[in-house]
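Here is the file my_file-v8.cif (mmCIF, C-alpha atoms).
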```cif
data_my_file
loop_
_atom_site.label_atom_id
_atom_site.label_comp_id
_atom_site.auth_asym_id
_atom_site.auth_seq_id
_atom_site.Cartn_x
_atom_site.Cartn_y
_atom_site.Cartn_z
CA MET A 24 0.00 0.00 0.00
CA ASP A 25 1.37 3.40 -0.98
CA LEU A 26 1.18 5.76 1.97
CA ALA A 27 2.16 8.94 0.11
CA TYR A 28 2.27 10.14 -3.48
CA ILE A 29 1.41 13.16 -5.60
CA PRO A 30 -1.99 12.65 -7.23
CA SER A 31 -2.64 13.66 -10.82
CA PRO A 32 -5.75 15.62 -11.74
CA SER A 33 -8.56 13.50 -13.13
CA THR A 34 -8.83 15.88 -16.07
CA GLY A 35 -6.87 18.79 -17.46
CA VAL A 36 -9.91 20.48 -18.98
CA ILE A 37 -12.87 22.26 -17.43
CA ASN A 38 -15.69 22.96 -19.86
CA LEU A 39 -17.34 26.31 -19.31
CA GLY A 40 -20.30 25.75 -21.58
CA PRO A 41 -18.91 25.41 -25.10
CA ILE A 42 -15.56 26.93 -24.02
CA PRO A 43 -12.89 24.48 -22.77
CA LEU A 44 -10.57 25.85 -20.08
CA ARG A 45 -7.33 23.89 -20.19
CA GLY A 46 -4.89 23.74 -17.29
CA TYR A 47 -1.92 23.54 -19.66
CA ALA A 48 -2.88 26.79 -21.37
CA PHE A 49 -3.50 28.53 -18.05
CA CYS A 50 -0.02 27.62 -16.83
CA ILE A 51 1.56 29.00 -20.01
CA ILE A 52 -0.44 32.24 -19.80
CA ILE A 53 0.34 32.79 -16.12
CA GLY A 54 4.01 32.10 -16.78
CA VAL A 55 4.13 34.68 -19.57
CA PHE A 56 2.41 37.23 -17.34
CA VAL A 57 4.93 36.68 -14.52
CA ALA A 58 7.90 36.94 -16.91
CA VAL A 59 6.67 40.22 -18.40
CA TRP A 60 5.68 41.69 -15.02
CA TYR A 61 8.99 40.92 -13.33
CA GLY A 62 11.00 41.75 -16.44
CA ASN A 63 9.33 45.18 -16.50
CA LYS A 64 10.41 45.83 -12.90
CA ARG A 65 14.00 44.91 -13.72
CA TRP A 66 13.94 46.96 -16.90
CA ILE A 67 12.80 50.08 -15.04
CA ALA A 68 15.53 49.50 -12.42
CA ARG A 69 18.06 49.42 -15.26
CA GLY A 70 16.90 52.83 -16.49
CA GLY A 71 14.29 51.78 -19.06
CA THR A 72 10.72 52.99 -19.32
CA ALA A 73 7.63 51.17 -18.13
CA GLY A 74 5.80 49.16 -20.77
CA THR A 75 8.79 48.55 -23.03
CA VAL A 76 9.16 44.91 -21.96
CA ALA A 77 5.50 44.23 -22.74
CA ASP A 78 5.77 45.95 -26.12
CA ILE A 79 8.66 43.72 -27.14
CA ALA A 80 7.00 40.65 -25.63
CA VAL A 81 4.17 41.16 -28.12
CA TRP A 82 6.74 40.07 -30.72
CA ALA A 83 8.68 37.55 -28.65
CA VAL A 84 5.81 35.46 -27.23
CA PRO A 85 4.08 34.48 -30.50
CA PHE A 86 7.44 33.68 -32.10
CA GLY A 87 8.36 31.65 -29.03
CA LEU A 88 5.16 29.61 -29.10
CA VAL A 89 5.62 28.83 -32.78
CA GLY A 90 9.27 27.95 -32.24
CA GLY A 91 8.51 25.73 -29.28
CA ARG A 92 5.85 23.84 -31.18
CA LEU A 93 8.02 23.46 -34.27
CA TYR A 94 10.87 21.99 -32.23
CA HIS A 95 8.52 19.49 -30.59
CA VAL A 96 6.88 18.44 -33.85
CA ILE A 97 10.19 18.10 -35.70
CA THR A 98 11.94 16.11 -32.96
CA ASP A 99 8.86 13.94 -32.27
CA TYR A 100 7.51 13.76 -35.79
CA GLN A 101 6.52 10.12 -35.36
CA LEU A 102 3.71 11.22 -33.05
CA TYR A 103 2.04 13.08 -35.90
CA PHE A 104 3.25 11.77 -39.25
CA SER A 105 3.73 8.04 -38.74
CA GLU A 106 1.21 5.47 -39.91
CA GLY A 107 -2.06 5.63 -38.02
CA GLU A 108 -1.44 9.15 -36.67
CA ASN A 109 -3.33 12.29 -37.64
CA TRP A 110 -1.04 15.11 -38.80
CA VAL A 111 -3.68 17.68 -37.84
CA ASP A 112 -2.81 16.95 -34.20
CA ALA A 113 0.47 18.78 -34.79
CA PHE A 114 -1.48 22.03 -34.53
CA LYS A 115 -3.18 21.12 -31.24
CA ILE A 116 -0.79 23.01 -29.03
CA TRP A 117 -3.24 22.93 -26.12
CA GLU A 118 -2.66 19.20 -25.77
CA GLY A 119 0.93 19.83 -24.77
CA GLY A 120 4.22 19.72 -26.58
CA LEU A 121 6.43 22.82 -26.48
CA GLY A 122 10.19 22.49 -26.83
CA ILE A 123 11.98 25.13 -24.74
CA TRP A 124 14.92 25.11 -27.15
CA GLY A 125 12.76 26.17 -30.07
CA ALA A 126 10.80 28.62 -27.93
CA ILE A 127 13.94 30.45 -26.82
CA ALA A 128 15.54 30.40 -30.28
CA LEU A 129 12.58 31.69 -32.27
CA GLY A 130 11.42 33.87 -29.38
CA ALA A 131 14.79 35.62 -29.56
CA VAL A 132 14.10 36.40 -33.23
CA GLY A 133 10.81 38.03 -32.31
CA ALA A 134 12.48 39.94 -29.47
CA TRP A 135 15.19 41.14 -31.85
CA ILE A 136 12.54 42.53 -34.19
CA GLY A 137 10.80 44.31 -31.32
CA CYS A 138 14.07 45.70 -29.93
CA ARG A 139 15.18 46.91 -33.34
CA ARG A 140 11.92 48.79 -33.79
CA ARG A 141 12.45 50.53 -30.45
CA GLY A 142 16.19 51.13 -30.83
CA ILE A 143 16.96 48.94 -27.83
CA PRO A 144 19.93 46.53 -27.47
CA LEU A 145 18.62 42.96 -27.40
CA PRO A 146 21.22 41.71 -24.82
CA ALA A 147 20.10 44.32 -22.27
CA TRP A 148 16.44 43.38 -22.73
CA ALA A 149 17.29 39.68 -22.43
CA ASP A 150 19.22 40.32 -19.20
CA ALA A 151 16.20 42.06 -17.68
CA LEU A 152 13.88 39.22 -18.66
CA ALA A 153 16.18 36.27 -17.78
CA PRO A 154 15.01 35.42 -14.24
CA GLY A 155 11.39 36.03 -15.24
CA ILE A 156 11.73 33.44 -18.01
CA ALA A 157 13.03 30.92 -15.47
CA PHE A 158 10.03 31.59 -13.20
CA ALA A 159 7.71 31.31 -16.21
CA GLN A 160 9.15 27.88 -17.00
CA ALA A 161 8.64 26.84 -13.39
CA ILE A 162 4.95 27.71 -13.68
CA GLY A 163 4.56 26.30 -17.18
CA ARG A 164 5.86 22.87 -16.13
CA TRP A 165 2.73 22.39 -14.03
CA GLY A 166 0.86 22.22 -17.31
CA ASN A 167 2.54 18.82 -17.78
CA TRP A 168 1.03 17.76 -14.47
CA PHE A 169 -2.44 18.58 -15.78
CA ASN A 170 -1.76 16.52 -18.92
CA GLN A 171 -0.06 13.67 -17.03
CA GLU A 172 3.03 13.78 -19.24
CA LEU A 173 6.81 14.05 -19.04
CA TYR A 174 7.23 11.92 -15.93
CA GLY A 175 10.27 9.83 -15.02
CA ARG A 176 11.06 6.25 -14.19
CA PRO A 177 8.96 4.21 -11.72
CA THR A 178 9.70 4.92 -8.05
CA ASP A 179 8.29 4.26 -4.59
CA LEU A 180 9.48 7.55 -3.07
CA PRO A 181 6.95 9.48 -0.94
CA TRP A 182 6.80 12.22 -3.58
CA ALA A 183 6.15 9.83 -6.45
CA LEU A 184 3.65 10.98 -9.07
CA LYS A 185 0.60 8.82 -9.59
CA ILE A 186 -0.25 8.38 -13.27
CA THR A 187 -3.60 6.94 -14.33
CA GLU A 188 -4.22 4.70 -17.32
CA GLY A 189 -4.56 6.57 -20.56
CA ALA A 190 -3.44 6.85 -24.17
CA ASN A 191 0.28 6.06 -24.48
CA ARG A 192 0.73 5.72 -20.72
CA GLU A 193 0.50 3.05 -18.05
CA ALA A 194 -0.86 3.51 -14.56
CA GLY A 195 1.74 3.59 -11.80
CA LEU A 196 3.98 5.73 -9.59
CA TYR A 197 6.76 7.63 -11.33
CA HIS A 198 9.38 10.30 -10.66
CA PRO A 199 7.66 13.71 -10.97
CA THR A 200 10.22 15.15 -13.37
CA PHE A 201 7.90 18.09 -14.06
CA LEU A 202 8.22 19.00 -10.37
CA TYR A 203 12.00 18.55 -10.39
CA GLU A 204 12.34 20.89 -13.33
CA SER A 205 9.89 23.40 -11.85
CA LEU A 206 11.90 23.62 -8.62
CA TRP A 207 15.14 23.77 -10.56
CA CYS A 208 13.85 26.71 -12.61
CA VAL A 209 12.91 28.59 -9.44
CA GLY A 210 16.47 28.09 -8.21
CA VAL A 211 17.85 29.28 -11.54
CA GLY A 212 15.76 32.44 -11.36
CA PHE A 213 17.06 33.33 -7.89
CA LEU A 214 20.62 32.47 -8.95
CA VAL A 215 20.44 34.95 -11.82
CA ILE A 216 19.00 37.64 -9.54
CA TRP A 217 21.79 37.16 -6.99
CA ALA A 218 24.59 37.02 -9.58
CA ASP A 219 23.24 40.08 -11.39
CA ARG A 220 23.24 42.11 -8.17
CA ARG A 221 26.62 40.80 -7.06
CA PHE A 222 28.55 41.08 -10.32
CA LYS A 223 26.52 43.68 -12.28
CA LEU A 224 26.06 41.40 -15.28
CA GLY A 225 25.47 43.10 -18.59
CA HIS A 226 25.59 42.68 -22.37
CA GLY A 227 23.56 39.45 -22.26
CA ARG A 228 25.59 37.68 -19.57
CA ALA A 229 22.67 37.42 -17.13
CA PHE A 230 20.65 35.71 -19.85
CA ALA A 231 23.60 33.43 -20.68
CA LEU A 232 23.86 32.48 -17.01
CA TYR A 233 20.17 31.55 -17.01
CA VAL A 234 20.68 29.38 -20.11
CA ALA A 235 23.74 27.63 -18.70
CA ALA A 236 22.16 27.00 -15.30
CA TYR A 237 18.94 25.70 -16.82
CA CYS A 238 20.78 23.36 -19.18
CA SER A 239 22.85 21.88 -16.35
CA GLY A 240 19.64 20.85 -14.59
CA ARG A 241 17.74 19.87 -17.72
CA ALA A 242 20.44 17.35 -18.65
CA TRP A 243 20.01 15.13 -15.57
CA ILE A 244 16.23 15.63 -15.41
CA GLU A 245 15.89 14.68 -19.07
CA TYR A 246 17.95 11.58 -18.43
CA MET A 247 15.32 10.37 -15.92
CA ARG A 248 12.37 10.60 -18.31
CA VAL A 249 10.83 7.52 -19.90
CA ASP A 250 8.64 9.08 -22.58
CA GLU A 251 9.48 8.25 -26.18
CA ALA A 252 12.36 10.26 -27.65
CA HIS A 253 15.10 10.02 -30.25
CA HIS A 254 18.53 8.85 -29.10
CA ILE A 255 22.03 9.60 -30.36
CA LEU A 256 24.77 7.22 -29.18
CA GLY A 257 22.33 5.89 -26.62
CA VAL A 258 21.62 9.32 -25.13
CA ARG A 259 18.37 11.26 -25.50
CA LEU A 260 18.43 14.06 -28.07
CA ASN A 261 17.46 16.72 -25.51
CA VAL A 262 20.38 15.71 -23.30
CA TRP A 263 22.78 16.37 -26.18
CA THR A 264 21.01 19.67 -26.86
CA ALA A 265 21.36 20.71 -23.22
CA ILE A 266 25.09 19.91 -23.21
CA ILE A 267 25.78 21.82 -26.43
CA VAL A 268 23.73 24.87 -25.42
CA PHE A 269 25.39 24.86 -21.98
CA LEU A 270 28.85 25.02 -23.55
CA LEU A 271 27.81 27.80 -25.91
CA ALA A 272 26.34 29.84 -23.05
CA VAL A 273 29.48 29.52 -20.94
CA LEU A 274 31.65 30.42 -23.93
CA TYR A 275 29.54 33.52 -24.54
CA MET A 276 29.90 34.65 -20.93
CA VAL A 277 33.69 34.31 -21.04
CA ILE A 278 34.15 36.09 -24.37
CA SER A 279 31.60 38.79 -23.59
CA ALA A 280 33.24 39.59 -20.23
CA ARG A 281 36.56 40.18 -22.00
CA ILE A 282 35.23 42.18 -24.93
CA ARG A 283 32.53 44.17 -23.12
CA PRO A 284 33.18 44.27 -19.38
CA GLY A 285 30.70 45.97 -17.07
CA ARG A 286 27.10 46.82 -17.80
CA GLU A 287 25.33 49.06 -20.29
CA GLU A 288 24.98 52.62 -19.01
CA VAL A 289 22.01 53.39 -21.26
CA VAL A 290 19.50 50.66 -22.13
CA GLU A 291 16.80 52.72 -23.80
CA PRO A 292 16.85 56.09 -25.61
CA ARG A 293 14.70 58.62 -23.81
CA PRO A 294 12.05 60.54 -25.74
CA VAL A 295 12.11 64.32 -25.45
CA ALA A 296 9.87 65.30 -22.55
CA LYS A 297 7.58 68.31 -22.91
CA ASP A 298 8.53 69.70 -19.50
CA GLY A 299 12.23 69.25 -20.21
CA ASP A 300 12.89 66.90 -17.28
CA ASP A 301 15.38 64.62 -19.01
CA ALA A 302 18.64 65.42 -20.71
CA LYS A 303 17.13 65.87 -24.12
CA GLY A 304 14.35 67.96 -22.70
CA ASP A 305 16.90 70.23 -21.00
CA ASP A 306 18.74 70.70 -24.28
CA ALA A 307 15.48 71.53 -26.01
CA ALA A 308 14.62 73.99 -23.26
CA ASP A 309 18.05 75.63 -23.60
CA ASP A 310 17.55 75.94 -27.33
CA THR A 311 14.16 77.52 -26.74
CA VAL A 312 15.63 80.06 -24.32
CA LYS A 313 18.40 80.82 -26.75
CA GLY A 314 15.85 81.28 -29.53
CA GLU A 315 13.75 83.61 -27.43
CA THR A 316 16.82 85.61 -26.41
CA GLY A 317 17.82 85.91 -30.02
CA GLU A 318 14.41 87.25 -30.94
CA LYS A 319 14.49 89.78 -28.09
CA ALA A 320 17.97 90.84 -29.08
CA GLY A 321 16.71 91.62 -32.55
CA ASP A 322 16.88 88.48 -34.65
CA ALA A 323 14.34 90.09 -36.97
CA ASP A 324 16.97 92.81 -37.70
CA PRO A 325 20.37 91.18 -38.33
CA GLY A 326 22.21 94.33 -37.36
CA ALA A 327 20.33 94.83 -34.13
CA ALA A 328 21.95 91.87 -32.39
CA ASP A 329 25.38 93.39 -33.00
CA ALA A 330 24.18 96.72 -31.70
CA GLY A 331 23.77 95.32 -28.21
CA PRO A 332 27.47 95.19 -27.29
CA ASP A 333 28.02 98.59 -28.91
CA LEU A 334 25.15 99.94 -26.86
CA VAL A 335 26.92 98.98 -23.69
CA LYS A 336 30.17 100.43 -25.01
CA GLY A 337 28.37 103.57 -26.07
CA LYS A 338 26.99 104.08 -22.59
CA GLY A 339 30.44 103.74 -21.16
CA LYS A 340 31.86 106.26 -23.60
CA GLY A 341 29.04 108.66 -22.94
CA LYS A 342 29.85 108.68 -19.26
CA ASP A 343 33.62 108.73 -19.50
CA LYS A 344 34.43 110.52 -22.71
CA GLY A 345 31.24 112.27 -23.64
CA LYS A 346 30.57 110.10 -26.63
CA ASP A 347 27.10 109.83 -28.13
CA THR A 348 24.80 107.98 -25.77
CA ASP A 349 23.03 106.22 -28.65
CA GLY A 350 25.86 103.68 -28.70
CA SER A 351 27.27 104.49 -32.18
CA ASP A 352 30.98 104.03 -32.75
CA ALA A 353 31.40 107.53 -34.21
CA ASP A 354 32.25 110.49 -31.91
CA ALA A 355 29.32 112.62 -30.81
CA SER A 356 28.58 115.57 -33.11
CA ASP A 357 26.98 118.85 -32.30
CA ALA A 358 23.51 119.69 -33.36
CA ASP A 359 24.52 121.47 -36.57
CA GLY A 360 26.62 118.54 -37.75
CA SER A 361 29.96 120.33 -37.35
CA GLY A 362 31.40 117.29 -35.68
CA THR A 363 32.73 119.27 -32.70
CA ASP A 364 33.20 117.14 -29.58
CA VAL A 365 30.65 118.11 -26.97
CA GLU A 366 33.06 117.93 -24.07
CA HIS A 367 35.82 119.77 -25.95
CA GLY A 368 33.34 122.36 -27.13
CA ALA A 369 32.26 123.02 -23.60
CA ASP A 370 35.89 123.45 -22.57
CA ASN A 371 36.52 125.85 -25.42
CA GLY A 372 33.46 127.86 -24.49
CA ALA A 373 34.57 128.07 -20.90
CA GLY A 374 38.03 129.14 -22.00
CA SER A 375 36.67 131.93 -24.16
CA ALA A 376 34.53 133.18 -21.34
CA ALA A 377 37.55 133.29 -19.07
CA LYS A 378 39.58 135.25 -21.57
CA SER A 379 36.77 137.73 -21.94
#
```
For the file at hand, write its structure as structure tokens.
Amino acid sequence: MDLAYIPSPSTGVINLGPIPLRGYAFCIIIGVFVAVWYGNKRWIARGGTAGTVADIAVWAVPFGLVGGRLYHVITDYQLYFSEGENWVDAFKIWEGGLGIWGAIALGAVGAWIGCRRRGIPLPAWADALAPGIAFAQAIGRWGNWFNQELYGRPTDLPWALKITEGANREAGLYHPTFLYESLWCVGVGFLVIWADRRFKLGHGRAFALYVAAYCSGRAWIEYMRVDEAHHILGVRLNVWTAIIVFLLAVLYMVISARIRPGREEVVEPRPVAKDGDDAKGDDAADDTVKGETGEKAGDADPGAADAGPDLVKGKGKGKDKGKDTDGSDADASDADGSGTDVEHGADNGAGSAAKS
């Protein structure tokens, strides 16, 4: 008699009238929401603007879903295109079957398109989203629990997963590999958060750390699974994929740290604010002030702007030397245009009076 085990749900679908609500789909949707929400918080902390992560996710998520499904269908084509199978089932994504490798690869293409449209560096965006993706995977793996799929070898451990009889599966107690991977992904997410704070990871290295850490766990978890899969040299295809991607991620971190040490100072170009709060706004405000000053100084009359300095000089001359107070460079003339200096004329008049 088994005293303890993890039960499986009797069904993964709840019918709300004609609308089927599937547990697998709910887990994927909630995971995407968590990734975008937490990625947005990290993006703002890095100096980005709110909503940018969601705008780019509009491109990344659909591409990721298509990529994940394509990887699954291609690597498990016998489930859909062998004799007796219906190829239309390849489009039934709600029944499960998303390959994380294809989801990340094609999702990155969608993210690149979104980043390019916004003028944002893809590595910085990926760094902000990295731990959120790990948490999203942790949530998404519970969709496999609803579908009673992706379990491991038989076991009598207290946390064994009870699988009921169904298509392509036998009733029994198995290793809950979905749970192992879910917990591993939670650990990966917190690892990336800690390392990012401790070492100020940038230029895609936080994302590369997530990839490497996930692959290291996926390799041994994948090795425990008993569902049908292709093998190369006696090893499951996904194990080889995890090893190769792990090595590539580590290599990227090493090379990137040497070529681009540190972290990006600017992750998103700021739009010009109307109130001039940011740097660009201040420049615009300065230009406005300069423009207004130019108009007041006489921009309408090209010669008026140059008259300003002479005006000041003229005032000084008028006080000290008796020059014309209108600021002209010429010496002051008398009223009849004789050109006699006012101050000198006064002196001459005084002298004449004295002689008289």
For the interface of range 107-182 of chain A with range 283-291 of chain A (cut-off 12 Å, counting all atoms listed in the file), please tabulate each contacting residue of range 107-182 of chain A alongside its nearest pair of atoms and their separation in Å to one decimal, rows sorted by chain and increasing number, as CSV.
```
residue,atom,partner,partner_atom,distance
A:Cys138,CA,A:Glu291,CA,9.7
A:Arg139,CA,A:Glu291,CA,11.3
A:Arg140,CA,A:Glu291,CA,11.8
A:Arg141,CA,A:Glu291,CA,8.2
A:Gly142,CA,A:Glu291,CA,7.2
A:Ile143,CA,A:Glu291,CA,5.5
A:Pro144,CA,A:Val290,CA,6.8
A:Leu145,CA,A:Val290,CA,9.4
A:Pro146,CA,A:Val290,CA,9.5
A:Ala147,CA,A:Val290,CA,6.4
A:Trp148,CA,A:Val290,CA,7.9
A:Ala149,CA,A:Val290,CA,11.2
A:Asp150,CA,A:Arg286,CA,10.3
A:Ala151,CA,A:Val290,CA,10.2
```
Output check: residues returned by the PyMOL selection byres ((chain A and resi 229) around 10), as a JSON list (two decimals) with C-alpha atoms, in the coordinates of the input:
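Wrote selection-v3.json, looks like this:
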```json
[["chain", "number", "residue", "atom", "x", "y", "z"],
["A", 146, "PRO", "CA", 21.22, 41.71, -24.82],
["A", 147, "ALA", "CA", 20.10, 44.32, -22.27],
["A", 149, "ALA", "CA", 17.29, 39.68, -22.43],
["A", 150, "ASP", "CA", 19.22, 40.32, -19.20],
["A", 151, "ALA", "CA", 16.20, 42.06, -17.68],
["A", 152, "LEU", "CA", 13.88, 39.22, -18.66],
["A", 153, "ALA", "CA", 16.18, 36.27, -17.78],
["A", 154, "PRO", "CA", 15.01, 35.42, -14.24],
["A", 214, "LEU", "CA", 20.62, 32.47, -8.95],
["A", 215, "VAL", "CA", 20.44, 34.95, -11.82],
["A", 216, "ILE", "CA", 19.00, 37.64, -9.54],
["A", 218, "ALA", "CA", 24.59, 37.02, -9.58],
["A", 219, "ASP", "CA", 23.24, 40.08, -11.39],
["A", 222, "PHE", "CA", 28.55, 41.08, -10.32],
["A", 223, "LYS", "CA", 26.52, 43.68, -12.28],
["A", 224, "LEU", "CA", 26.06, 41.40, -15.28],
["A", 225, "GLY", "CA", 25.47, 43.10, -18.59],
["A", 226, "HIS", "CA", 25.59, 42.68, -22.37],
["A", 227, "GLY", "CA", 23.56, 39.45, -22.26],
["A", 228, "ARG", "CA", 25.59, 37.68, -19.57],
["A", 230, "PHE", "CA", 20.65, 35.71, -19.85],
["A", 231, "ALA", "CA", 23.60, 33.43, -20.68],
["A", 232, "LEU", "CA", 23.86, 32.48, -17.01],
["A", 233, "TYR", "CA", 20.17, 31.55, -17.01],
["A", 234, "VAL", "CA", 20.68, 29.38, -20.11],
["A", 235, "ALA", "CA", 23.74, 27.63, -18.70],
["A", 276, "MET", "CA", 29.90, 34.65, -20.93]]
```
Quick check on the file I pasted: which residues fall under the PyMOL selection byres ((chain A and resi 205) around 8)? Write them as a ChimeraX atom specification.
/A:160-162,164-165,201-204,206-209
With distances taken over only C-alpha atoms, which of A:Trp243, A:Tyr197, A:Ala131, A:Asn63 is nearest to Asp78 in chain A?
A:Asn63
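In this structure, CA of Pro181 in chain A sits 10.9 Å away from CA of Pro199 in chain A.
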Nearby residues (only C-alpha atoms) at most 10 Å from range 55-60 of chain A, same-chain spacing under 5 positions excluded, as a JSON list (two decimals) with C-alpha atoms, in the coordinates of the input:
```json
[["chain", "number", "residue", "atom", "x", "y", "z"],
["A", 49, "PHE", "CA", -3.50, 28.53, -18.05],
["A", 50, "CYS", "CA", -0.02, 27.62, -16.83],
["A", 65, "ARG", "CA", 14.00, 44.91, -13.72],
["A", 66, "TRP", "CA", 13.94, 46.96, -16.90],
["A", 74, "GLY", "CA", 5.80, 49.16, -20.77],
["A", 75, "THR", "CA", 8.79, 48.55, -23.03],
["A", 76, "VAL", "CA", 9.16, 44.91, -21.96],
["A", 77, "ALA", "CA", 5.50, 44.23, -22.74],
["A", 78, "ASP", "CA", 5.77, 45.95, -26.12],
["A", 79, "ILE", "CA", 8.66, 43.72, -27.14],
["A", 80, "ALA", "CA", 7.00, 40.65, -25.63],
["A", 84, "VAL", "CA", 5.81, 35.46, -27.23],
["A", 151, "ALA", "CA", 16.20, 42.06, -17.68],
["A", 152, "LEU", "CA", 13.88, 39.22, -18.66],
["A", 153, "ALA", "CA", 16.18, 36.27, -17.78],
["A", 154, "PRO", "CA", 15.01, 35.42, -14.24],
["A", 155, "GLY", "CA", 11.39, 36.03, -15.24],
["A", 156, "ILE", "CA", 11.73, 33.44, -18.01],
["A", 157, "ALA", "CA", 13.03, 30.92, -15.47],
["A", 158, "PHE", "CA", 10.03, 31.59, -13.20],
["A", 159, "ALA", "CA", 7.71, 31.31, -16.21],
["A", 160, "GLN", "CA", 9.15, 27.88, -17.00],
["A", 162, "ILE", "CA", 4.95, 27.71, -13.68],
["A", 163, "GLY", "CA", 4.56, 26.30, -17.18]]
```
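Ranking A:Tyr237, A:His253, A:Val81, A:Ala265 by their shortest atom-to-atom distance to Gly137 in chain A, with only C-alpha atoms included, puts A:Val81 first.
Nearest-residue note for Tyr28 in chain A: choosing from A:Ile42, A:Cys238, A:Val277, A:Leu180, the minimum distance belongs to A:Leu180, counting all atoms listed in the file.
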Selection result of the PyMOL selection byres ((chain A and resi 187-190) around 12) on this file, as a PDB file with C-alpha atoms, keeping the file's coordinate frame:
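Result file is part_10.pdb:
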```pdb
ATOM      1  CA  ILE A  29       1.410  13.160  -5.600  1.00  0.00           C
ATOM      2  CA  PRO A  30      -1.990  12.650  -7.230  1.00  0.00           C
ATOM      3  CA  SER A  31      -2.640  13.660 -10.820  1.00  0.00           C
ATOM      4  CA  PRO A  32      -5.750  15.620 -11.740  1.00  0.00           C
ATOM      5  CA  SER A  33      -8.560  13.500 -13.130  1.00  0.00           C
ATOM      6  CA  THR A  34      -8.830  15.880 -16.070  1.00  0.00           C
ATOM      7  CA  TRP A 168       1.030  17.760 -14.470  1.00  0.00           C
ATOM      8  CA  PHE A 169      -2.440  18.580 -15.780  1.00  0.00           C
ATOM      9  CA  ASN A 170      -1.760  16.520 -18.920  1.00  0.00           C
ATOM     10  CA  GLN A 171      -0.060  13.670 -17.030  1.00  0.00           C
ATOM     11  CA  GLU A 172       3.030  13.780 -19.240  1.00  0.00           C
ATOM     12  CA  LEU A 184       3.650  10.980  -9.070  1.00  0.00           C
ATOM     13  CA  LYS A 185       0.600   8.820  -9.590  1.00  0.00           C
ATOM     14  CA  ILE A 186      -0.250   8.380 -13.270  1.00  0.00           C
ATOM     15  CA  ASN A 191       0.280   6.060 -24.480  1.00  0.00           C
ATOM     16  CA  ARG A 192       0.730   5.720 -20.720  1.00  0.00           C
ATOM     17  CA  GLU A 193       0.500   3.050 -18.050  1.00  0.00           C
ATOM     18  CA  ALA A 194      -0.860   3.510 -14.560  1.00  0.00           C
ATOM     19  CA  GLY A 195       1.740   3.590 -11.800  1.00  0.00           C
ATOM     20  CA  LEU A 196       3.980   5.730  -9.590  1.00  0.00           C
ATOM     21  CA  TYR A 197       6.760   7.630 -11.330  1.00  0.00           C
TER      22      TYR A 197
END
```
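CA of Trp182 in chain A lies 28.3 Å from CA of His254 in chain A.
Reported to one decimal place, the separation of CA of Asp250 in chain A from CA of Leu173 in chain A is 6.4 Å.
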Range 121-212 of chain A residues near range 92-115 of chain A within 9 Å, closest pair each, using all atoms listed in the file, as a Markdown table:
```
| residue | atom | partner | partner_atom | distance |
| --- | --- | --- | --- | --- |
| A:Leu121 | CA | A:Arg92 | CA | 4.8 |
| A:Gly122 | CA | A:His95 | CA | 5.1 |
| A:Ile123 | CA | A:Tyr94 | CA | 8.2 |
| A:Trp124 | CA | A:Tyr94 | CA | 7.2 |
| A:Gly125 | CA | A:Tyr94 | CA | 5.1 |
| A:Ala126 | CA | A:Arg92 | CA | 7.6 |
```
Residue selection dump (C-alpha atoms) as a PDB file, in the coordinates of the input:
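Result saved to part_3.pdb:
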```pdb
ATOM      1  CA  LEU A 121       6.430  22.820 -26.480  1.00  0.00           C
ATOM      2  CA  GLY A 122      10.190  22.490 -26.830  1.00  0.00           C
ATOM      3  CA  ILE A 123      11.980  25.130 -24.740  1.00  0.00           C
ATOM      4  CA  TRP A 124      14.920  25.110 -27.150  1.00  0.00           C
ATOM      5  CA  GLY A 125      12.760  26.170 -30.070  1.00  0.00           C
ATOM      6  CA  ALA A 126      10.800  28.620 -27.930  1.00  0.00           C
TER       7      ALA A 126
END
```
I'd like to know which of A:Ala73, A:Ile127, A:Gly166, A:Trp135 is closest to Arg45 in chain A, using all atoms listed in the file.
A:Gly166
